[in-house]
>>> print(open('model_2.cif').read())   # mmCIF, C-alpha atoms
data_work
#
loop_
_atom_site.group_PDB
_atom_site.id
_atom_site.type_symbol
_atom_site.label_atom_id
_atom_site.label_comp_id
_atom_site.auth_asym_id
_atom_site.auth_seq_id
_atom_site.Cartn_x
_atom_site.Cartn_y
_atom_site.Cartn_z
ATOM 1 C CA MET A 1 -63.015 9.182 -37.766
ATOM 2 C CA LEU A 2 -63.228 12.379 -35.751
ATOM 3 C CA ALA A 3 -63.998 10.363 -32.636
ATOM 4 C CA LEU A 4 -60.970 8.111 -33.252
ATOM 5 C CA ALA A 5 -58.748 11.153 -33.791
ATOM 6 C CA LEU A 6 -59.972 12.717 -30.557
ATOM 7 C CA LEU A 7 -59.446 9.421 -28.743
ATOM 8 C CA ALA A 8 -55.907 9.134 -30.099
ATOM 9 C CA LEU A 9 -55.220 12.752 -29.120
ATOM 10 C CA ALA A 10 -56.554 12.100 -25.632
ATOM 11 C CA LEU A 11 -54.409 8.987 -25.310
ATOM 12 C CA GLY A 12 -51.356 10.900 -26.506
ATOM 13 C CA LEU A 13 -52.006 13.698 -24.012
ATOM 14 C CA ALA A 14 -52.516 11.133 -21.271
ATOM 15 C CA LEU A 15 -49.234 9.417 -22.105
ATOM 16 C CA LEU A 16 -47.490 12.783 -22.225
ATOM 17 C CA GLY A 17 -48.934 13.684 -18.840
ATOM 18 C CA VAL A 18 -47.861 10.351 -17.361
ATOM 19 C CA SER A 19 -44.315 10.765 -18.729
ATOM 20 C CA LEU A 20 -44.117 14.323 -17.412
ATOM 21 C CA LEU A 21 -45.374 13.142 -14.042
ATOM 22 C CA GLN A 22 -42.751 10.397 -13.964
ATOM 23 C CA ARG A 23 -40.033 12.890 -14.836
ATOM 24 C CA VAL A 24 -41.201 15.222 -12.077
ATOM 25 C CA ARG A 25 -41.180 12.345 -9.587
ATOM 26 C CA GLN A 26 -37.714 11.262 -10.696
ATOM 27 C CA THR A 27 -36.475 14.833 -10.388
ATOM 28 C CA GLU A 28 -37.954 15.068 -6.902
ATOM 29 C CA GLN A 29 -36.376 11.754 -5.927
ATOM 30 C CA ARG A 30 -32.991 12.852 -7.258
ATOM 31 C CA THR A 31 -33.287 16.160 -5.447
ATOM 32 C CA GLN A 32 -34.204 14.338 -2.265
ATOM 33 C CA VAL A 33 -31.253 11.963 -2.622
ATOM 34 C CA ILE A 34 -28.875 14.862 -3.287
ATOM 35 C CA ASP A 35 -30.252 16.774 -0.304
ATOM 36 C CA GLN A 36 -29.831 13.727 1.912
ATOM 37 C CA ALA A 37 -26.262 13.213 0.697
ATOM 38 C CA LEU A 38 -25.434 16.881 1.239
ATOM 39 C CA SER A 39 -26.946 16.842 4.704
ATOM 40 C CA ARG A 40 -25.040 13.657 5.542
ATOM 41 C CA MET A 41 -21.828 15.214 4.299
ATOM 42 C CA ALA A 42 -22.588 18.355 6.291
ATOM 43 C CA ARG A 43 -23.054 16.242 9.413
ATOM 44 C CA GLU A 44 -19.944 14.157 8.784
ATOM 45 C CA SER A 45 -17.616 16.981 7.738
ATOM 46 C CA PRO A 46 -17.392 18.484 11.251
ATOM 47 C CA ARG A 47 -16.590 15.026 12.589
ATOM 48 C CA ARG A 48 -13.872 14.545 9.999
ATOM 49 C CA GLU A 49 -12.531 17.997 10.644
ATOM 50 C CA ALA A 50 -12.579 17.338 14.379
ATOM 51 C CA GLY A 51 -10.805 14.002 13.868
ATOM 52 C CA GLY A 52 -8.261 15.617 11.561
ATOM 53 C CA ALA A 53 -7.720 18.402 14.081
ATOM 54 C CA ARG A 54 -7.121 15.860 16.844
ATOM 55 C CA TRP A 55 -4.623 13.994 14.673
ATOM 56 C CA ARG A 56 -2.845 17.247 13.845
ATOM 57 C CA VAL A 57 -2.620 18.073 17.543
ATOM 58 C CA VAL A 58 -1.150 14.625 18.290
ATOM 59 C CA LEU A 59 1.331 14.892 15.413
ATOM 60 C CA GLU A 60 2.372 18.372 16.484
ATOM 61 C CA TRP A 61 2.860 17.123 20.033
ATOM 62 C CA LEU A 62 4.987 14.187 18.841
ATOM 63 C CA GLU A 63 6.963 16.494 16.557
ATOM 64 C CA SER A 64 7.691 18.864 19.427
ATOM 65 C CA ILE A 65 8.935 15.971 21.566
ATOM 66 C CA GLY A 66 11.107 14.670 18.743
ATOM 67 C CA ARG A 67 12.632 18.064 18.047
ATOM 68 C CA HIS A 68 13.329 18.612 21.742
ATOM 69 C CA PHE A 69 15.302 15.377 22.092
ATOM 70 C CA GLY A 70 16.504 15.053 18.506
ATOM 71 C CA GLU A 71 19.724 17.021 18.885
ATOM 72 C CA GLY A 72 21.044 15.089 21.892
ATOM 73 C CA HIS A 73 22.672 11.696 22.234
ATOM 74 C CA LEU A 74 19.303 10.041 22.895
ATOM 75 C CA GLY A 75 17.903 11.275 19.609
ATOM 76 C CA LYS A 76 20.959 10.139 17.668
ATOM 77 C CA ALA A 77 20.772 6.707 19.306
ATOM 78 C CA LEU A 78 17.061 6.289 18.501
ATOM 79 C CA LEU A 79 17.396 7.573 14.919
ATOM 80 C CA ALA A 80 19.946 5.278 13.294
ATOM 81 C CA PRO A 81 21.005 5.473 9.614
ATOM 82 C CA GLU A 82 18.772 2.464 8.920
ATOM 83 C CA ASP A 83 15.794 4.410 10.270
ATOM 84 C CA ARG A 84 16.664 7.364 8.063
ATOM 85 C CA LEU A 85 16.785 5.033 5.051
ATOM 86 C CA LEU A 86 13.348 3.645 5.901
ATOM 87 C CA LEU A 87 11.997 7.170 6.295
ATOM 88 C CA ASP A 88 13.529 8.059 2.948
ATOM 89 C CA GLN A 89 11.778 5.110 1.313
ATOM 90 C CA ILE A 90 8.376 6.297 2.528
ATOM 91 C CA ASN A 91 9.216 9.906 1.545
ATOM 92 C CA ARG A 92 9.248 11.167 5.141
ATOM 93 C CA ASN A 93 12.950 11.794 5.593
ATOM 94 C CA ASP A 94 12.592 15.468 6.424
ATOM 95 C CA ARG A 95 12.865 17.353 9.675
ATOM 96 C CA SER A 96 9.186 16.933 10.506
ATOM 97 C CA GLY A 97 9.073 13.209 9.648
ATOM 98 C CA ARG A 98 12.199 12.425 11.667
ATOM 99 C CA ALA A 99 10.872 14.405 14.632
ATOM 100 C CA ILE A 100 7.488 12.623 14.564
ATOM 101 C CA PHE A 101 9.145 9.203 14.365
ATOM 102 C CA LEU A 102 11.480 10.013 17.240
ATOM 103 C CA GLY A 103 8.662 11.500 19.315
ATOM 104 C CA LEU A 104 6.518 8.399 18.736
ATOM 105 C CA ARG A 105 9.337 6.159 19.903
ATOM 106 C CA LEU A 106 9.905 8.206 23.056
ATOM 107 C CA ALA A 107 6.185 8.449 23.841
ATOM 108 C CA LEU A 108 5.603 4.700 23.459
ATOM 109 C CA ALA A 109 8.754 3.935 25.449
ATOM 110 C CA LEU A 110 7.259 5.923 28.335
ATOM 111 C CA VAL A 111 3.612 4.874 28.022
ATOM 112 C CA LEU A 112 3.877 1.121 27.341
ATOM 113 C CA PRO A 113 5.806 0.227 30.537
ATOM 114 C CA VAL A 114 3.205 2.060 32.622
ATOM 115 C CA LEU A 115 0.310 0.337 30.829
ATOM 116 C CA LEU A 116 1.869 -3.115 31.185
ATOM 117 C CA ALA A 117 2.583 -2.490 34.860
ATOM 118 C CA LEU A 118 -1.015 -1.400 35.482
ATOM 119 C CA LEU A 119 -2.485 -4.344 33.565
ATOM 120 C CA LEU A 120 -0.222 -7.138 34.831
ATOM 121 C CA ARG A 121 0.530 -5.742 38.343
ATOM 122 C CA PRO A 122 3.840 -7.600 38.696
ATOM 123 C CA GLU A 123 5.944 -7.703 41.833
ATOM 124 C CA GLY A 124 9.649 -7.899 42.527
ATOM 125 C CA LEU A 125 11.832 -8.929 39.615
ATOM 126 C CA ARG A 126 8.794 -9.363 37.397
ATOM 127 C CA PHE A 127 8.085 -5.656 37.781
ATOM 128 C CA VAL A 128 11.546 -4.817 36.469
ATOM 129 C CA ALA A 129 11.161 -7.334 33.632
ATOM 130 C CA VAL A 130 7.781 -5.850 32.638
ATOM 131 C CA LEU A 131 9.247 -2.337 32.603
ATOM 132 C CA VAL A 132 12.148 -3.460 30.424
ATOM 133 C CA LEU A 133 9.754 -5.326 28.112
ATOM 134 C CA GLY A 134 7.507 -2.278 27.754
ATOM 135 C CA LEU A 135 10.486 -0.039 27.065
ATOM 136 C CA ALA A 136 11.787 -2.428 24.399
ATOM 137 C CA LEU A 137 8.356 -2.690 22.762
ATOM 138 C CA GLY A 138 7.949 1.075 22.757
ATOM 139 C CA VAL A 139 11.255 1.504 20.950
ATOM 140 C CA TRP A 140 10.807 -1.460 18.608
ATOM 141 C CA LEU A 141 7.164 -1.177 17.477
ATOM 142 C CA PRO A 142 7.494 2.120 15.501
ATOM 143 C CA LYS A 143 10.466 0.717 13.621
ATOM 144 C CA LEU A 144 8.554 -2.491 12.878
ATOM 145 C CA VAL A 145 5.619 -0.496 11.459
ATOM 146 C CA LEU A 146 8.008 1.710 9.484
ATOM 147 C CA ARG A 147 9.805 -1.317 8.055
ATOM 148 C CA SER A 148 6.503 -2.936 7.059
ATOM 149 C CA TRP A 149 5.405 0.294 5.369
ATOM 150 C CA ALA A 150 8.679 0.592 3.465
ATOM 151 C CA GLU A 151 8.550 -3.065 2.418
ATOM 152 C CA ARG A 152 5.036 -2.613 1.071
ATOM 153 C CA LEU A 153 6.198 0.394 -0.961
ATOM 154 C CA ARG A 154 9.160 -1.587 -2.343
ATOM 155 C CA ARG A 155 6.818 -4.343 -3.511
ATOM 156 C CA ARG A 156 4.583 -1.782 -5.182
ATOM 157 C CA VAL A 157 7.605 -0.275 -6.921
ATOM 158 C CA GLU A 158 8.545 -3.707 -8.252
ATOM 159 C CA ASP A 159 5.001 -4.174 -9.560
ATOM 160 C CA GLU A 160 4.867 -0.717 -11.181
ATOM 161 C CA LEU A 161 8.294 -0.814 -12.816
ATOM 162 C CA PRO A 162 7.345 -2.854 -15.967
ATOM 163 C CA LEU A 163 4.425 -0.516 -16.665
ATOM 164 C CA LEU A 164 6.692 2.513 -16.285
ATOM 165 C CA ILE A 165 9.137 1.076 -18.818
ATOM 166 C CA ASP A 166 6.326 0.356 -21.288
ATOM 167 C CA LEU A 167 4.963 3.875 -20.923
ATOM 168 C CA LEU A 168 8.379 5.411 -21.489
ATOM 169 C CA ARG A 169 8.900 3.263 -24.573
ATOM 170 C CA LEU A 170 5.448 4.181 -25.904
ATOM 171 C CA LEU A 171 5.908 7.916 -25.351
ATOM 172 C CA GLN A 172 9.366 7.850 -26.882
ATOM 173 C CA GLY A 173 7.944 6.045 -29.876
ATOM 174 C CA VAL A 174 5.357 8.753 -30.589
ATOM 175 C CA GLY A 175 7.967 11.524 -30.539
ATOM 176 C CA PHE A 176 8.078 12.815 -26.967
ATOM 177 C CA SER A 177 11.401 13.796 -25.446
ATOM 178 C CA MET A 178 12.517 12.231 -22.185
ATOM 179 C CA ASP A 179 11.602 15.323 -20.163
ATOM 180 C CA GLN A 180 8.174 15.478 -21.798
ATOM 181 C CA SER A 181 7.648 11.769 -21.168
ATOM 182 C CA LEU A 182 8.480 12.110 -17.474
ATOM 183 C CA GLN A 183 6.240 15.153 -17.175
ATOM 184 C CA LEU A 184 3.323 13.391 -18.866
ATOM 185 C CA ILE A 185 3.728 10.262 -16.733
ATOM 186 C CA ALA A 186 3.720 12.344 -13.547
ATOM 187 C CA GLU A 187 0.618 14.301 -14.593
ATOM 188 C CA ARG A 188 -1.564 11.766 -16.426
ATOM 189 C CA PHE A 189 -0.588 8.297 -15.192
ATOM 190 C CA HIS A 190 -0.553 8.861 -11.443
ATOM 191 C CA PRO A 191 -3.611 6.574 -10.840
ATOM 192 C CA VAL A 192 -1.832 3.562 -12.363
ATOM 193 C CA LEU A 193 1.611 4.481 -10.983
ATOM 194 C CA PRO A 194 0.855 5.832 -7.508
ATOM 195 C CA VAL A 195 4.336 5.345 -6.034
ATOM 196 C CA LEU A 196 6.611 5.841 -9.033
ATOM 197 C CA GLY A 197 4.346 8.585 -10.394
ATOM 198 C CA ARG A 198 4.696 10.490 -7.134
ATOM 199 C CA GLU A 199 8.469 10.058 -7.156
ATOM 200 C CA ILE A 200 8.731 11.222 -10.778
ATOM 201 C CA ARG A 201 6.524 14.217 -9.970
ATOM 202 C CA ASP A 202 8.816 15.195 -7.076
ATOM 203 C CA ALA A 203 11.848 14.750 -9.339
ATOM 204 C CA ASN A 204 10.255 16.974 -11.992
ATOM 205 C CA ILE A 205 9.517 19.649 -9.393
ATOM 206 C CA ALA A 206 13.127 19.562 -8.186
ATOM 207 C CA TYR A 207 14.367 19.746 -11.785
ATOM 208 C CA MET A 208 12.163 22.767 -12.560
ATOM 209 C CA ARG A 209 13.490 24.485 -9.455
ATOM 210 C CA GLY A 210 17.038 24.311 -10.794
ATOM 211 C CA ARG A 211 18.477 20.981 -9.702
ATOM 212 C CA PRO A 212 20.316 18.911 -12.293
ATOM 213 C CA ARG A 213 18.470 15.914 -13.637
ATOM 214 C CA ASP A 214 20.837 13.430 -11.988
ATOM 215 C CA GLN A 215 20.322 14.997 -8.561
ATOM 216 C CA SER A 216 16.560 15.215 -8.988
ATOM 217 C CA LEU A 217 16.424 11.487 -9.837
ATOM 218 C CA ARG A 218 18.831 10.439 -7.093
ATOM 219 C CA ARG A 219 16.090 9.548 -4.634
ATOM 220 C CA LEU A 220 14.245 7.495 -7.268
ATOM 221 C CA ALA A 221 17.428 5.528 -7.982
ATOM 222 C CA GLU A 222 18.708 4.969 -4.446
ATOM 223 C CA SER A 223 15.826 5.030 -1.977
ATOM 224 C CA PHE A 224 14.100 1.749 -2.818
ATOM 225 C CA GLY A 225 17.166 -0.458 -3.182
ATOM 226 C CA ASN A 226 15.996 -1.747 -6.570
ATOM 227 C CA ASP A 227 18.797 -2.457 -9.043
ATOM 228 C CA ASP A 228 16.432 -2.530 -12.032
ATOM 229 C CA LEU A 229 15.058 0.882 -11.125
ATOM 230 C CA LYS A 230 18.591 2.189 -10.741
ATOM 231 C CA SER A 231 19.442 0.865 -14.222
ATOM 232 C CA LEU A 232 16.349 2.554 -15.661
ATOM 233 C CA VAL A 233 17.387 5.865 -14.091
ATOM 234 C CA GLN A 234 20.830 5.479 -15.678
ATOM 235 C CA ILE A 235 19.197 4.980 -19.090
ATOM 236 C CA ILE A 236 17.039 8.087 -18.528
ATOM 237 C CA LEU A 237 20.105 10.150 -17.601
ATOM 238 C CA GLN A 238 22.063 8.956 -20.639
ATOM 239 C CA VAL A 239 19.207 9.833 -22.979
ATOM 240 C CA HIS A 240 18.782 13.200 -21.265
ATOM 241 C CA GLN A 241 22.466 14.053 -21.613
ATOM 242 C CA HIS A 242 23.390 12.533 -24.980
ATOM 243 C CA GLY A 243 20.060 11.883 -26.712
ATOM 244 C CA GLY A 244 19.606 9.022 -29.139
ATOM 245 C CA ALA A 245 17.075 6.282 -29.737
ATOM 246 C CA VAL A 246 15.926 4.616 -26.543
ATOM 247 C CA GLN A 247 13.071 2.386 -27.712
ATOM 248 C CA GLU A 248 15.210 -0.663 -28.367
ATOM 249 C CA PRO A 249 17.170 -0.473 -25.063
ATOM 250 C CA LEU A 250 13.893 -0.040 -23.192
ATOM 251 C CA ARG A 251 12.343 -2.999 -25.021
ATOM 252 C CA GLN A 252 15.318 -5.222 -24.188
ATOM 253 C CA PHE A 253 15.282 -3.966 -20.618
ATOM 254 C CA ALA A 254 11.555 -4.713 -20.287
ATOM 255 C CA GLU A 255 12.017 -8.223 -21.720
ATOM 256 C CA ARG A 256 14.881 -8.933 -19.347
ATOM 257 C CA LEU A 257 12.843 -7.654 -16.421
ATOM 258 C CA ARG A 258 9.853 -9.796 -17.349
ATOM 259 C CA GLU A 259 12.109 -12.834 -17.718
ATOM 260 C CA GLN A 260 13.523 -12.199 -14.257
ATOM 261 C CA ARG A 261 10.022 -11.892 -12.834
ATOM 262 C CA ARG A 262 8.984 -15.093 -14.592
ATOM 263 C CA MET A 263 11.955 -16.971 -13.137
ATOM 264 C CA SER A 264 11.224 -15.527 -9.717
ATOM 265 C CA MET A 265 7.617 -16.688 -9.941
ATOM 266 C CA LYS A 266 8.757 -20.170 -10.978
ATOM 267 C CA GLU A 267 11.106 -20.273 -8.008
ATOM 268 C CA LYS A 268 8.343 -19.174 -5.645
ATOM 269 C CA THR A 269 5.989 -21.741 -7.159
ATOM 270 C CA GLY A 270 8.561 -24.493 -6.621
ATOM 271 C CA LYS A 271 9.066 -23.506 -2.997
ATOM 272 C CA LEU A 272 5.314 -23.292 -2.496
ATOM 273 C CA SER A 273 4.790 -26.796 -3.907
ATOM 274 C CA VAL A 274 7.339 -28.181 -1.437
ATOM 275 C CA LYS A 275 5.613 -26.393 1.433
ATOM 276 C CA MET A 276 2.215 -27.641 0.295
ATOM 277 C CA THR A 277 3.576 -31.194 0.161
ATOM 278 C CA MET A 278 4.485 -30.972 3.824
ATOM 279 C CA VAL A 279 1.071 -29.497 4.623
ATOM 280 C CA MET A 280 -0.679 -32.278 2.729
ATOM 281 C CA MET A 281 1.392 -34.916 4.517
ATOM 282 C CA LEU A 282 0.458 -33.455 7.886
ATOM 283 C CA THR A 283 -3.232 -32.824 7.190
ATOM 284 C CA LEU A 284 -4.540 -34.745 4.195
ATOM 285 C CA LEU A 285 -2.630 -38.022 4.661
ATOM 286 C CA PRO A 286 -4.017 -38.799 8.165
ATOM 287 C CA ALA A 287 -7.556 -38.079 6.954
ATOM 288 C CA LEU A 288 -7.005 -40.258 3.864
ATOM 289 C CA MET A 289 -5.650 -43.128 5.956
ATOM 290 C CA LEU A 290 -8.617 -42.786 8.288
ATOM 291 C CA VAL A 291 -11.073 -42.976 5.389
ATOM 292 C CA LEU A 292 -9.330 -45.897 3.673
ATOM 293 C CA ALA A 293 -8.256 -47.946 6.674
ATOM 294 C CA GLY A 294 -11.093 -46.982 9.017
ATOM 295 C CA PRO A 295 -13.670 -49.537 7.783
ATOM 296 C CA ALA A 296 -11.085 -52.334 7.809
ATOM 297 C CA VAL A 297 -10.060 -51.464 11.370
ATOM 298 C CA VAL A 298 -13.700 -51.359 12.503
ATOM 299 C CA SER A 299 -14.387 -54.714 10.829
ATOM 300 C CA LEU A 300 -11.274 -56.212 12.439
ATOM 301 C CA ILE A 301 -12.305 -54.984 15.853
ATOM 302 C CA GLY A 302 -15.795 -56.435 15.371
ATOM 303 C CA THR A 303 -14.313 -59.813 14.333
ATOM 304 C CA VAL A 304 -12.040 -59.897 17.385
ATOM 305 C CA VAL A 305 -14.955 -59.096 19.685
ATOM 306 C CA LYS A 306 -17.015 -61.907 18.170
ATOM 307 C CA LEU A 307 -14.151 -64.397 18.550
ATOM 308 C CA ARG A 308 -13.745 -63.460 22.186
ATOM 309 C CA GLY A 309 -17.456 -63.883 22.717
ATOM 310 C CA HIS A 310 -17.323 -67.430 21.405
#
>>> encode(input="model_2.cif", output="structure tokens")
Amino acid sequence: MLALALLALALGLALLGVSLLQRVRQTEQRTQVIDQALSRMARESPRREAGGARWRVVLEWLESIGRHFGEGHLGKALLAPEDRLLLDQINRNDRSGRAIFLGLRLALALVLPVLLALLLRPEGLRFVAVLVLGLALGVWLPKLVLRSWAERLRRRVEDELPLLIDLLRLLQGVGFSMDQSLQLIAERFHPVLPVLGREIRDANIAYMRGRPRDQSLRRLAESFGNDDLKSLVQIILQVHQHGGAVQEPLRQFAERLREQRRMSMKEKTGKLSVKMTMVMMLTLLPALMLVLAGPAVVSLIGTVVKLRGH
């Protein structure tokens, strides 16, 4: 019995030693992984800082160009009200954003004609045409990128709007005021509402700095050109000014919005089915006719060849 007890004790100590050894090895491996990650981050951080510094230098250079020409007739011609609206939609309609956009347009309008002339090496009238083409591309490309950016933000706003309405209705149902609901949405729900959460946060900051609630929400209502969002802002302002129960209006508004989205999806599905019919007629039908009629055509050709041979 004593021998068995000693054997069991030895086995227990051996198992304990093995487990401790495994823990030490795991700790060493984790320490090694952490050290490698920290060293990698230490190596990459100067590169990122250098890249960020280069971008800041380029942006500062473009901003200086835009501010230099922004007050003249050229700046007013290259910064139309439509461009200001697009800048407002991407939240860059300030002095710095307008100057960078204008500087980018002027820089590309000067650089692209030279690059096209060096690459294509035109002569005569083609040289003039290439210069005009490069100038037009330099002026047009920044606006095209800006319009694509603003359109992407508008689509994201349309996708986030039903969730915003549901969150407002939920927070109002548990007893939060409208100001508390907007504050909580801006602070806690930014990951699920990246665009609208940012806009509500900016509106809350403007409201805390002394602006009236209608002025602080003006950008949210007008910048994206969304009538449903404008209606939601009107509901928020009415509740803020006069109070009252808002759960039922928000529920009806959310149902109407979802019905509109459902009808829009049905319309898009109908248009897509028509387009796919044309695609199938142009691609699938020739292949189907080849598979079905191909053997008959081959057999007919073979029969004709045999008849001619006889």
>>> closest_residue(input="model_2.cif", among="A:Leu110, A:Pro191, A:Gln89, A:Arg213", to="Asn226 (chain A)", atoms="all atoms listed in the file")
A:Gln89
>>> atom_distance(input="model_2.cif", atom1="CA of Pro122 (chain A)", atom2="CA of Gly138 (chain A)")
18.6 Å
>>> resolve_selection(input="model_2.cif", expression="the PyMOL selection byres ((chain A and resi 258) around 12)", output="PyMOL selection string")
chain A and resi 158-159+161-163+165-166+228+251-257+259-265
>>> resolve_selection(input="model_2.cif", expression="the PyMOL selection byres ((chain A and resi 177) around 12)", output="MDAnalysis selection string")
chainID A and resid 168:176 178:184 236 239:241 243:247
>>> residues_around(input="model_2.cif", residues="Arg198 (chain A)", least_positions_apart="3", cutoff="12 Å", atoms="all atoms listed in the file", output="PyMOL selection string")
chain A and resi 90-91+153+157+160+182-183+185-195+201-205+219-220
